[in-house]
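Colleague: I'd like to ask you about the structure that follows.
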Protein chains: 4
Amino acid sequence: MVPRYSRPAMTAIWTAENRFRIWWDIEVFAAEAMGEIGMIPQEDAARILAARDRIEPIDVPAIDAIEAVTKHDVIAFLTWAGDKLGDERRWLHQGMTSSDVLDTALNVQLTQAADILIEDLKQLLAVLERRAFEHKLTPTIGRSHGIHAEPVTFGLKLAQAHAEFARNLKRLEAAREEIATCAISGAVGTFANIDPRVEEHVARRLGLTPEPTSTQVIPRDRHAMFFAVLGVIASSIERLATEVRHLQRTEVLEAEEYFSPGQKGSSAMPHKRNPVLTENLTGLSRVVRSAVLPAMENVALWHERDISHSSVERFIGPDATITLDFALARLTGVIDKLLIYPERMQKNLDRMGGLVHSQRVLLALTQAGLSREDAYAKVQRNAMMVWESDGALSLLDLLKADPEVTAVLPPEKLEESFDLGYHFRQVDTIFERVFGPSA
Amino acid sequence: MVPRYSRPAMTAIWTAENRFRIWWDIEVFAAEAMGEIGMIPQEDAARILAARDRIEPIDVPAIDAIEAVTKHDVIAFLTWAGDKLGDERRWLHQGMTSSDVLDTALNVQLTQAADILIEDLKQLLAVLERRAFEHKLTPTIGRSHGIHAEPVTFGLKLAQAHAEFARNLKRLEAAREEIATCAISGAVGTFANIDPRVEEHVARRLGLTPEPTSTQVIPRDRHAMFFAVLGVIASSIERLATEVRHLQRTEVLEAEEYFSPGQKGSSAMPHKRNPVLTENLTGLSRVVRSAVLPAMENVALWHERDISHSSVERFIGPDATITLDFALARLTGVIDKLLIYPERMQKNLDRMGGLVHSQRVLLALTQAGLSREDAYAKVQRNAMMVWESDGALSLLDLLKADPEVTAVLPPEKLEESFDLGYHFRQVDTIFERVFGPSA
Amino acid sequence: MVPRYSRPAMTAIWTAENRFRIWWDIEVFAAEAMGEIGMIPQEDAARILAARDRIEPIDVPAIDAIEAVTKHDVIAFLTWAGDKLGDERRWLHQGMTSSDVLDTALNVQLTQAADILIEDLKQLLAVLERRAFEHKLTPTIGRSHGIHAEPVTFGLKLAQAHAEFARNLKRLEAAREEIATCAISGAVGTFANIDPRVEEHVARRLGLTPEPTSTQVIPRDRHAMFFAVLGVIASSIERLATEVRHLQRTEVLEAEEYFSPGQKGSSAMPHKRNPVLTENLTGLSRVVRSAVLPAMENVALWHERDISHSSVERFIGPDATITLDFALARLTGVIDKLLIYPERMQKNLDRMGGLVHSQRVLLALTQAGLSREDAYAKVQRNAMMVWESDGALSLLDLLKADPEVTAVLPPEKLEESFDLGYHFRQVDTIFERVFGPSA
Amino acid sequence: MVPRYSRPAMTAIWTAENRFRIWWDIEVFAAEAMGEIGMIPQEDAARILAARDRIEPIDVPAIDAIEAVTKHDVIAFLTWAGDKLGDERRWLHQGMTSSDVLDTALNVQLTQAADILIEDLKQLLAVLERRAFEHKLTPTIGRSHGIHAEPVTFGLKLAQAHAEFARNLKRLEAAREEIATCAISGAVGTFANIDPRVEEHVARRLGLTPEPTSTQVIPRDRHAMFFAVLGVIASSIERLATEVRHLQRTEVLEAEEYFSPGQKGSSAMPHKRNPVLTENLTGLSRVVRSAVLPAMENVALWHERDISHSSVERFIGPDATITLDFALARLTGVIDKLLIYPERMQKNLDRMGGLVHSQRVLLALTQAGLSREDAYAKVQRNAMMVWESDGALSLLDLLKADPEVTAVLPPEKLEESFDLGYHFRQVDTIFERVFGPSA
């Protein structure tokens, strides 16, 4: 975790305090269940349940000090927390194994993290939607291979990002559901000394699903899937960040990351407004993606478990979720305040002297009766002149002045082929598909 | 694609013939739609539709020869395929862009591949279920950290694998749904020269969903997700393959990959039956996983598209799907015919002289009234003797001979603590969870 | 391997013919050594050596047919090749293990591949050097964050690429040396049935180094290092390819991938010259990099060997080397024929109305006696006017017309601050560092 | 960075204090050079140089507070550090750009980190050498595919690890040399406002090499190579860790991670000594490897620089080096104190009833005149009996009792074939290769 790329709510999930709090809840709810099914005296269970909030504030240094002696984190915690109880403390952790606590707690943390990320995505989607509608019909040049192709609208660009992040939301919701499981099944997952009803109760209390079958540990394919989804989301962030970086290039300058008036005045080089936020997002995407393969390598644990996954998760658990949360919020901010320059978009569109319309002229000439070859030759000779003038000449002007062209297609017909509106007739349809029929 | 790690049905998906066949279907169905909505004459559309099967057999070398001249794959194909038509050929590809064909076709291929992989998973699941029930109550030692822990059954191991691959099936079905989209939206996705109804019709005909919004290309987050799921499945394969490799180790030998009687006789070293199939699966898992990050790096295409994804997909499209198909089939074969040795499992279980039961004895002594410390001391001194005898002594015998122990727990009570059945009381519950209540 | 991204010389290395040829050389040279040290009769060794070229042409289908029966590739080959010999055939492979042949042969193949890649790099370096000198003093704008910064020369850009690929050459030469080892050490690497002198002899004959200690297999950290270096080279390719893609953007257009006059005339959209070669290189870089992690995962083989590495290497061995060879050659071609547009570079440089010189004016004003704050204010107010004019105004003109500025710095002094030559005074120094003092 | 996987010396490299200290050194040495070449007054340079140690202690919170206002880390530092100087402060950073400081400092940190890692490797090598000689002739079974193959010595296993880590040392020394560069070349690397002699001087003072040509930033192929080498080292760690994990398996138990007597007594299950350190190392290897691809993705910065690499390096810089340092030290400790059980190795060797010698008997019978087929049949029928007895019968006994065998090979000759010493005749040779002729 790098502090400058973190936000408090997500970071709080990965604190020792939160982890211990979850451990305690697991133990308390397990005791509650044991009381209900008669594994332990019901009144002792009630006493333990009543102590649920008594452990606050959690004294992390005290627990660490115990762990330094016992060399065992769960025992250290239980020793400390046991002091909040009377004799009923002896029922704690009955028939359970450390991993029952550790693995279930990790899944609670990942679920909490997923909830924040889901909220992040929803906020990003809201901002994308707002700005997409704002620029629903703002013309801009569509580019393939970085080269001008045909017109699109700026709103369409954002609508496409919206559709992509809406898929990511769905993926994350599925990944959250997958990771939200609870295992309290004992040393090798056989429930030898614990009743499956305890697991079911704790799961219910924590908003989880019981793990159908565990082996001391919860199977790591669930975690692999979770981090893979984070990697896909990071890749979508990189895509949108790259778009902004391109648009802000000096020669393009169709959009810019927001800068406050104060920032503006701070340099003798007013053009030097760098897209540092989106460049940063590009790097953060690489960081989040780097969690994917280790998470997959964690799946093949030996037999009923080995502990090789644990160190990996101490890194990627916090790093991937905290970084992704930060990145989503940063991206939301970038889009929210993005400075969008329709005049420059128009200027860039016009820059090629109308060459972007050549395909459509071609079509119009063909429909007006010319052979494809003939139409092609006529358009091409004028297009080449435009191209060689580097934007000084206009294709429409040249065509209007070309009698062989006007013989087939009169000027007013030619102008129709240069109508941007033609390209935007289906924008409503696309917006409906993306944002729903109300759009 | 490496021939020795491929199977014909999956390989066929990635042949030029199949690709061209799909291209043709897209063009034909697009023409059909254009006829219906009046973009082109209905009778010409009918003629094109009637030619749907006329392109068989597809003359790949002829198409390649045209491409060598035109330097454009879709044009080359259309030139060749156009010869199967009369004048109506001129309506082909009307208002479409090459990517409409290429991207939709790739998604058809990936969907076809997913269908095979889904079938593979189902077969693996069936085999896992059969063998799990076969060994539902075959005792074997559960191991954490490679060290004997507590007893499980061999059926439980397979049930856990079943649960994991059932999750993989669900993931793959979701990924298949995600990838099964169709885009026919023109040069920059605006439907400038094509009606969205054409896309909808072609999608319906091909069993796909229309891509809500494309940008010449279908967004690559879909593909990233698809390959990520293949990577997770590969990781689960590695897990089960590693389990078999461990079980086949000379010192463990609780299971072996099948070898035919002929193979058996082929060596002067009858013990040298190497788990080469599962070692191979371990390597193939790495291969499939290696597709995940390139697929994610493909997401951030520039603006409305660049073509950097294309070369990556020419590798990972065939490689990841063909290899995973082969690996799943190989794993199914390994499990199907796995030689399972219950006697050896029992022997290994017994090898520690009953130490695996020490926890339960401890519990019994405590329940019989000893303090935890006292019980612990008594068990431990006997356990150490067993351990130092390297399996020559039995914990049960020693405890029975220890008057301080028998004073609290008579021999017949002690024996109860050594009952394997105790550990297996919840096997039915777990099987029900995994295989359903009928189990 | 994808045929369209392959070249014949590199592909030939990975044919069955070449592999078998190397196997035969290993066996023949081993026999030669055995004869010399008296392990086998010297005259039989001579007969085997004499047969070295007799196996050409190699009948791959015949060998495959034998393997289909024996299920063992090396035995199949020896059976076939043995027919080229008389009774002396019985000495073949004496005391050796299959991996002695397989692993040594793989390293020969990787060394052959490295030799081609080294040649590729040298050709790329030659082209980079030629074009760097050609444009040693061609002014162009340097960009940080995609935003105009200060002037550089186009030759400097290529010199930087040269320095980077020269490092890659050195890395590859080191990796080649690391991978060029030979192991003929028997079943577990103890030379139990073979004399280490055989290994030394075969190594010498094949231009390899004896592996200090092998364990049936040659340790895979060597291969991991080799593929890691390929991954670094691929990343440098991506860097230079990305530069070209940026330069070819419609709005920038400072350079273009070569297109033949024929290609030029082929479209009605003369601006639509897409940088497809460098986009392709971007994708191919991802492919080569994807070999790195599997190669690293191959290192941790179990005990003296397991065979999990083998399937991985069947993919990445050919794929990474063939693809990188193709990519290097393609990049060399792109740079060799790159269309470079100095006028456009100048135009882009001028586009900001001289704002790129504002830092230097600031410095000159300070040196002329103004306080930094004062100098800043004066430059800034003029810079803002230039910026807001979108290139219509010139900073030099405005400063010359600003009496508060000219009071400190007369026009001719101001002009000095706008001299591009100032920025290029160290170009010679840099070229000497990169290309050597002769430069 | 995860505290529990970190050691103080390496962690100190990545503190703000160390970073600022390096920044200061760069600025001070740059001023020194500027004084020498007359860019600034020599006496002011002397004053700055004299202040080199005056900045201790570094007040990080104060610098952070300034950064919170200026939003620029280098300016914030210079503002704070400037207060340690008089008027001469105005010469600080003259003609330099922030990246000159940032990139050079990062390379100093990586070089410092490399120095620690090099020392770590040397300590590991020393421990491996000591224990290799200790067990130079301790017999143990060599295993391929996890299956008993032929005898090796435990010392050979460690010698192989030594050879591998000696290669890693060499790789790291090369990577250190590659990363130890200094760039002080201004905004786009042209030395427009700074003399190359400043860079040369600072490089010399810091023990670095001048970067031949930089572009505001030091090219990231150097860093990619550095992290790739860390990834290879991590993979070698995983290999040796996996070996220990296998050896400690309950059924194998040829070696164990050290446990103190206190630990020993801590459980009622004395067999439950888990190889948690080497399992942990397996996970940490995954973590270190995860830095490799992001580092490679960092290479392709846009034009003269973008800042996407920066956030990646804030993670992988500390994480990969701190984790690898910790892992190497942990591995050294594991090998140093590894409990090695020669009796158990012998017992495992004997476990197959001498089957590991069957190949050698076969050879002896052939050399004694039997045809290969005949010899094979005789060995095999006895070998099968041994195998089926599960270790109860001995191959040597059976062969001695087989008259058809003894007719060819008398008992004393047979015994020779069962001599382990035969396998170890070349151990000296191998040790000389690995440890040098003095060995």
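Identifiers in this document derive from the order of the structure tokens: chains are assigned A, B, ..., residues are numbered from 1 separately in each chain, and ligands are numbered from 1 in order of occurrence.
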Taking only range 81-220 of chain D into account, list the residues labelled alpha helix (DSSP H) by DSSP (computed from the backbone), as a ChimeraX atom specification.

Modeller: /D:81-82,98-134,154-179,196-206

Colleague: Mind dumping a table of every chain C residue within 6 Å of chain A, with the nearest atom pair and its distance in Å to one decimal, using only C-alpha atoms, sorted by chain and rising number, as a Markdown table?

Modeller:
```
| residue | atom | partner | partner_atom | distance |
| --- | --- | --- | --- | --- |
| C:His145 | CA | A:Asn274 | CA | 5.6 |
| C:Gly146 | CA | A:Arg249 | CA | 4.9 |
| C:Ile147 | CA | A:Thr250 | CA | 5.0 |
| C:Arg249 | CA | A:Gly146 | CA | 4.9 |
| C:Thr250 | CA | A:Ile147 | CA | 5.0 |
| C:Glu251 | CA | A:Glu251 | CA | 5.7 |
| C:Ala268 | CA | A:Gln380 | CA | 4.7 |
| C:Asn274 | CA | A:His145 | CA | 5.6 |
| C:Gln380 | CA | A:Ala268 | CA | 4.7 |
```

Colleague: Report as a list in words all protein, DNA and RNA residues lying within 9 Å of Arg425 in chain A, evaluated on only C-alpha atoms, omitting residues in the same chain fewer than 2 positions from it.

Modeller: Gly421, Tyr422, His423, Val427, Asp428 and Thr429 of chain A; Thr190, Phe191 and Ala192 of chain B

Colleague: Output N, CA and C atoms of each residue in that selection to a file, as a PDB file, in the first residue's frame.

Modeller:
```pdb
ATOM      1  N   GLY A 421     -24.682  15.610 -39.407  1.00  0.00           N
ATOM      2  CA  GLY A 421     -25.888  15.023 -38.824  1.00  0.00           C
ATOM      3  C   GLY A 421     -26.146  13.602 -39.327  1.00  0.00           C
ATOM      4  N   TYR A 422     -25.755  13.365 -40.558  1.00  0.00           N
ATOM      5  CA  TYR A 422     -25.928  12.038 -41.148  1.00  0.00           C
ATOM      6  C   TYR A 422     -25.302  10.960 -40.275  1.00  0.00           C
ATOM      7  N   HIS A 423     -24.149  11.299 -39.717  1.00  0.00           N
ATOM      8  CA  HIS A 423     -23.421  10.319 -38.914  1.00  0.00           C
ATOM      9  C   HIS A 423     -24.036  10.085 -37.543  1.00  0.00           C
ATOM     10  N   VAL A 427     -27.395   8.003 -32.836  1.00  0.00           N
ATOM     11  CA  VAL A 427     -26.896   8.263 -31.484  1.00  0.00           C
ATOM     12  C   VAL A 427     -27.971   7.955 -30.438  1.00  0.00           C
ATOM     13  N   ASP A 428     -29.222   8.321 -30.759  1.00  0.00           N
ATOM     14  CA  ASP A 428     -30.314   8.015 -29.819  1.00  0.00           C
ATOM     15  C   ASP A 428     -30.413   6.522 -29.557  1.00  0.00           C
ATOM     16  N   THR A 429     -30.350   5.764 -30.639  1.00  0.00           N
ATOM     17  CA  THR A 429     -30.437   4.305 -30.489  1.00  0.00           C
ATOM     18  C   THR A 429     -29.346   3.783 -29.570  1.00  0.00           C
TER      19      THR A 429
ATOM     20  N   THR B 190     -20.895   4.115 -35.470  1.00  0.00           N
ATOM     21  CA  THR B 190     -22.056   5.020 -35.430  1.00  0.00           C
ATOM     22  C   THR B 190     -23.233   4.532 -36.281  1.00  0.00           C
ATOM     23  N   PHE B 191     -23.080   3.402 -36.936  1.00  0.00           N
ATOM     24  CA  PHE B 191     -24.114   2.931 -37.859  1.00  0.00           C
ATOM     25  C   PHE B 191     -24.370   3.969 -38.943  1.00  0.00           C
ATOM     26  N   ALA B 192     -23.333   4.714 -39.327  1.00  0.00           N
ATOM     27  CA  ALA B 192     -23.530   5.789 -40.301  1.00  0.00           C
ATOM     28  C   ALA B 192     -24.128   5.244 -41.604  1.00  0.00           C
TER      29      ALA B 192
END
```

Colleague: In Å, how far is it from CA of Ala175 in chain A to CA of Leu106 in chain A?

Modeller: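 That distance, rounded to one decimal, is 14.4 Å.
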
Colleague: Please identify all polymer residues within 9 Å of Leu92 in chain C, counting only C-alpha atoms, omitting same-chain residues fewer than 4 positions from it, and present them as a ChimeraX atom specification.

Modeller: /C:27-28,30-31,48,78,82,88,96

Colleague: Rounded to one decimal, what separation in Å do you get between CA of Leu395 in chain B and CA of Gly354 in chain B?

Modeller: 5.4 Å

Colleague: Just the strand (DSSP E or B) stuff from range 193-249 of chain C, please, per backbone DSSP, written as a VMD selection string.

Modeller: chain C and resid 209 to 210 215 217

Colleague: Let me see the file: selected residues, N, CA and C atoms, as a compact mmCIF listing (two decimals), in the first residue's frame.

Modeller:
```
# COMPACT_ATOMS: atom_id res chain seq x y z
N THR C 209 29.32 -24.83 -23.35
CA THR C 209 30.07 -24.98 -22.10
C THR C 209 29.46 -26.14 -21.33
N PRO C 210 30.26 -26.98 -20.67
CA PRO C 210 29.64 -28.05 -19.87
C PRO C 210 28.85 -27.44 -18.71
N THR C 215 20.89 -32.13 -13.07
CA THR C 215 20.15 -33.10 -12.25
C THR C 215 19.20 -33.87 -13.14
N VAL C 217 18.19 -32.82 -15.66
CA VAL C 217 17.93 -31.66 -16.50
C VAL C 217 18.93 -30.54 -16.25
```

Colleague: Taking 6 positions as the minimum chain separation for residues in the same chain, which residues sit within 9 Å of Glu129 in chain A when counting only C-alpha atoms? Answer as a list of chain:residue names.

Modeller: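 The neighbour list is A:Gly155, A:Leu158, A:Ala159, A:His162, A:Phe435.
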
Colleague: Could you turn the residues from that selection into a file that holds N, CA and C atoms, as a PDB file, in the first residue's frame?

Modeller:
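Output saved as part-v4.pdb:
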```
ATOM      1  N   GLY A 155     -20.087  12.457 -26.713  1.00  0.00           N
ATOM      2  CA  GLY A 155     -20.981  11.687 -25.862  1.00  0.00           C
ATOM      3  C   GLY A 155     -20.907  10.197 -26.143  1.00  0.00           C
ATOM      4  N   LEU A 158     -18.072   8.639 -24.306  1.00  0.00           N
ATOM      5  CA  LEU A 158     -18.351   8.408 -22.890  1.00  0.00           C
ATOM      6  C   LEU A 158     -19.396   7.320 -22.698  1.00  0.00           C
ATOM      7  N   ALA A 159     -20.317   7.229 -23.638  1.00  0.00           N
ATOM      8  CA  ALA A 159     -21.321   6.159 -23.563  1.00  0.00           C
ATOM      9  C   ALA A 159     -20.621   4.800 -23.659  1.00  0.00           C
ATOM     10  N   HIS A 162     -19.128   4.067 -20.470  1.00  0.00           N
ATOM     11  CA  HIS A 162     -20.185   3.686 -19.535  1.00  0.00           C
ATOM     12  C   HIS A 162     -20.566   2.221 -19.715  1.00  0.00           C
ATOM     13  N   PHE A 435     -27.997   3.443 -21.909  1.00  0.00           N
ATOM     14  CA  PHE A 435     -28.548   4.046 -20.692  1.00  0.00           C
ATOM     15  C   PHE A 435     -29.999   3.655 -20.443  1.00  0.00           C
TER      16      PHE A 435
END
```

Colleague: Using only C-alpha atoms, which of C:Met296, C:Ile118, C:Val188, C:Ala364 sits nearest Ala228 in chain C?

Modeller: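 Distance minimum relative to Ala228 in chain C lands on C:Met296.
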
Colleague: Between CA of Asp53 in chain A and CA of Gly186 in chain A, what is the distance in Å, rounded to a tenth?

Modeller: 25.9 Å

Colleague: Quick one: everything within 9 Å of Ile58 in chain D, counting only C-alpha atoms, minus sequence neighbours fewer than 2 positions away in the same chain. Send it as a PyMOL selection string.

Modeller: chain D and resi 16-17+20-21+55-56+60-63+81

Colleague: At a cut-off of 12 Å, using only C-alpha atoms, what residues contact Asp221 in chain D? Leave out same-chain residues fewer than 4 positions from it and give the result as a ChimeraX atom specification.

Modeller: /C:160-161,163-168,171,228-240 /D:175,178-179,214,217,225-228,292-301,309
